[in-house]
>>> print(open('work-v4.txt').read())   # compact mmCIF, C-alpha atoms
# COMPACT_ATOMS: atom_id res chain seq x y z
CA MET A 58 24.81 140.20 214.66
CA ALA A 59 23.86 142.18 211.55
CA ASP A 60 21.54 139.39 210.40
CA VAL A 61 19.51 139.69 213.64
CA TRP A 62 18.94 143.41 213.01
CA ASP A 63 18.07 142.61 209.39
CA ASP A 64 15.41 140.19 210.68
CA VAL A 65 13.99 142.91 212.94
CA ARG A 66 13.97 145.42 210.06
CA ARG A 67 12.18 142.82 207.90
CA VAL A 68 9.55 142.34 210.62
CA GLY A 69 9.27 146.11 210.92
CA ALA A 70 8.62 146.42 207.20
CA SER A 71 5.89 143.74 207.28
CA GLY A 72 3.07 146.27 207.41
CA ASP A 73 2.08 145.58 211.02
CA PHE A 74 4.69 147.98 212.41
CA GLU A 75 6.05 151.45 211.97
CA LEU A 76 9.85 151.63 211.93
CA LEU A 77 11.02 154.50 214.16
CA THR A 78 14.48 155.42 212.92
CA THR A 79 15.19 158.26 215.33
CA HIS A 80 13.84 156.68 218.51
CA ASP A 81 15.77 157.44 221.70
CA ALA A 82 15.07 154.32 223.78
CA ASN A 83 16.85 155.61 226.88
CA ALA A 84 14.91 158.88 227.01
CA PHE A 85 11.58 157.19 226.31
CA LEU A 86 12.02 154.58 229.04
CA MET A 87 13.49 156.96 231.60
CA ARG A 88 10.51 159.32 231.20
CA HIS A 89 8.23 156.60 232.58
CA PHE A 90 10.32 154.27 234.77
CA ALA A 91 12.94 154.61 237.52
CA TRP A 92 16.30 153.06 236.69
CA ALA A 93 18.41 150.77 238.88
CA GLY A 94 21.47 150.75 236.62
CA PRO A 95 22.46 150.50 232.99
CA SER A 96 19.64 149.01 230.90
CA MET A 97 17.71 148.07 234.02
CA ILE A 98 14.36 149.31 235.29
CA ASP A 99 14.01 149.45 239.07
CA TRP A 100 11.17 146.93 239.24
CA ASP A 101 10.68 147.54 242.99
CA LYS A 102 9.37 150.99 242.05
CA THR A 103 6.76 149.69 239.60
CA ARG A 104 3.21 148.68 240.40
CA LEU A 105 2.00 145.08 239.98
CA HIS A 106 5.48 143.80 239.17
CA ARG A 107 5.69 140.25 237.84
CA GLY A 108 9.03 138.60 237.28
CA HIS A 109 10.31 135.27 236.05
CA HIS A 110 13.78 133.93 235.37
CA GLN A 111 14.49 131.14 232.92
CA PRO A 112 18.23 130.57 232.43
CA CYS A 113 19.16 130.72 228.76
CA GLY A 114 18.32 127.67 226.77
CA ALA A 115 15.54 126.14 224.70
CA LYS A 116 12.87 126.75 227.34
CA VAL A 117 13.21 130.57 227.27
CA GLU A 118 11.14 130.85 224.11
CA ALA A 119 8.23 128.80 225.51
CA ASP A 120 8.38 130.47 228.91
CA PHE A 121 8.45 133.91 227.34
CA ALA A 122 5.47 133.11 225.11
CA SER A 123 3.50 132.16 228.22
CA PHE A 124 4.75 135.20 230.18
CA PHE A 125 3.87 137.51 227.27
CA ALA A 126 0.33 136.08 227.04
CA ASP A 127 -0.21 136.26 230.82
CA CYS A 128 0.96 139.87 231.09
CA LEU A 129 -0.36 141.33 227.85
CA GLY A 130 -3.24 139.08 226.79
CA ASP A 131 -5.89 141.67 227.68
CA ARG A 132 -3.88 144.48 226.04
CA ALA A 133 -3.82 143.01 222.49
CA ASP A 134 -5.17 146.17 220.84
CA GLU A 135 -2.93 148.64 222.67
CA ILE A 136 -0.09 150.29 220.79
CA ALA A 137 3.40 149.51 222.05
CA VAL A 138 6.96 150.39 221.15
CA TRP A 139 9.72 147.78 221.06
CA CYS A 140 13.20 149.06 221.70
CA ASN A 141 16.56 147.62 222.49
CA LEU A 142 19.32 149.81 223.85
CA GLY A 143 21.76 148.18 221.43
CA CYS A 144 19.62 149.01 218.41
CA PRO A 145 19.49 152.37 216.58
CA PHE A 146 15.77 152.11 215.80
CA ALA A 147 12.49 150.99 217.37
CA LEU A 148 9.26 149.38 216.19
CA ARG A 149 5.77 150.71 216.94
CA GLY A 150 2.65 148.58 216.56
CA PRO A 151 -0.19 146.71 218.27
CA VAL A 152 0.62 144.26 221.05
CA LYS A 153 -1.11 141.45 219.12
CA ALA A 154 1.32 141.98 216.22
CA PHE A 155 4.30 141.76 218.60
CA GLY A 156 2.81 138.53 219.94
CA LYS A 157 3.05 137.01 216.46
CA VAL A 158 6.75 137.90 216.06
CA GLN A 159 7.97 137.69 219.63
CA THR A 160 10.63 135.09 218.82
CA GLU A 161 12.25 137.18 216.06
CA VAL A 162 11.95 140.51 217.83
CA LEU A 163 12.08 139.80 221.56
CA VAL A 164 13.76 136.43 222.13
CA GLU A 165 16.50 136.25 219.50
CA VAL A 166 17.74 139.85 219.69
CA PRO A 167 20.79 140.39 221.90
CA HIS A 168 20.79 142.82 224.84
CA THR A 169 17.68 143.65 226.82
CA SER A 170 14.49 144.10 224.83
CA PHE A 171 11.78 146.43 226.10
CA LEU A 172 8.17 146.40 224.99
CA ILE A 173 6.57 149.50 226.45
CA ALA A 174 3.08 150.91 226.08
CA GLU A 175 3.13 153.99 223.89
CA SER A 176 1.50 155.78 226.82
CA GLY A 177 4.29 154.60 229.14
CA GLU A 178 1.74 152.85 231.38
CA TRP A 179 3.46 149.43 231.35
CA CYS A 180 6.67 147.75 230.28
CA LEU A 181 7.64 144.15 229.59
CA THR A 182 11.31 143.17 229.28
CA LEU A 183 13.41 140.17 228.40
CA THR A 184 17.11 140.23 229.26
CA MET A 185 19.91 138.29 227.62
CA ASP A 186 20.14 135.99 230.64
CA GLY A 187 16.45 135.01 230.50
CA ARG A 188 14.99 137.41 233.06
CA MET A 189 11.42 138.45 232.26
CA ASP A 190 9.72 141.36 234.00
CA PHE A 191 6.47 143.26 233.68
CA GLY A 192 5.26 146.27 235.65
CA LEU A 193 3.10 149.38 235.58
CA SER A 194 4.69 152.83 235.81
>>> encode(input="work-v4.txt", output="C-alpha cells")
Amino acid sequence: MADVWDDVRRVGASGDFELLTTHDANAFLMRHFAWAGPSMIDWDKTRLHRGHHQPCGAKVEADFASFFADCLGDRADEIAVWCNLGCPFALRGPVKAFGKVQTEVLVEVPHTSFLIAESGEWCLTLTMDGRMDFGLS
C-alpha cells in the first residue's frame, strides 16, 4: 500500500499540484455535501446526479476516463481538491491536470477517492467497487 501513496506524492510533487499535508477530507466534504454513511455522499440530495457502476476489473479505468471527461470536460480550468479518507494528505490543482493522472491518483488508490471543486460546487467520486458518481452541492 505504501507504494501507492508514494505514487500519489510523486504526482503531487510534479509541479501541477499543491500537496496539502494538513487537509481534513471529512470536514471539507461534509461542509458541502450530505452524508449517507461512512465515506458516502448522499447522492439523492445532490443536484444533477450522474452515476455509473462498473464492477472491478480492467474496464474500470476506461469507463472512469469516459465518465471523468463527460462530467468534468467543461470544467478543465477549475481548481479541485483530490482527497481520500484513507490518506493523510490531499492534492490541489486544475481539473485538466487531474485528467492527465487519473489512473495513478483516482483509479489505483484504495478506498473512495473524491475530486471536489475547491468551491464545493461539485464532487466526483470513484469507490473501490467501481461505483462512479458526480453531483452538484
>>> closest_residue(input="work-v4.txt", among="A:Thr182, A:His89, A:Gly130, A:Ala119", to="Leu142 in chain A", atoms="only C-alpha atoms")
A:Thr182
>>> atom_distance(input="work-v4.txt", atom1="CA of Gly156 in chain A", atom2="CA of Asp127 in chain A")
11.5 Å
>>> residues_around(input="work-v4.txt", residues="Arg88 in chain A", least_positions_apart="5", cutoff="10 Å", atoms="all atoms listed in the file", output="list of chain:residue names")
A:Asn83, A:Gly177, A:Ser194
>>> atom_distance(input="work-v4.txt", atom1="CA of Ser123 in chain A", atom2="CA of Asp81 in chain A")
28.8 Å
>>> residues_near_point(input="work-v4.txt", point="(11.1, 134.2, 232.8)", cutoff="10 Å", atoms="all atoms listed in the file", output="ChimeraX atom specification")
/A:107-113,116-125,182-184,186-190
>>> atom_distance(input="work-v4.txt", atom1="CA of Thr103 in chain A", atom2="CA of Val152 in chain A")
20.3 Å
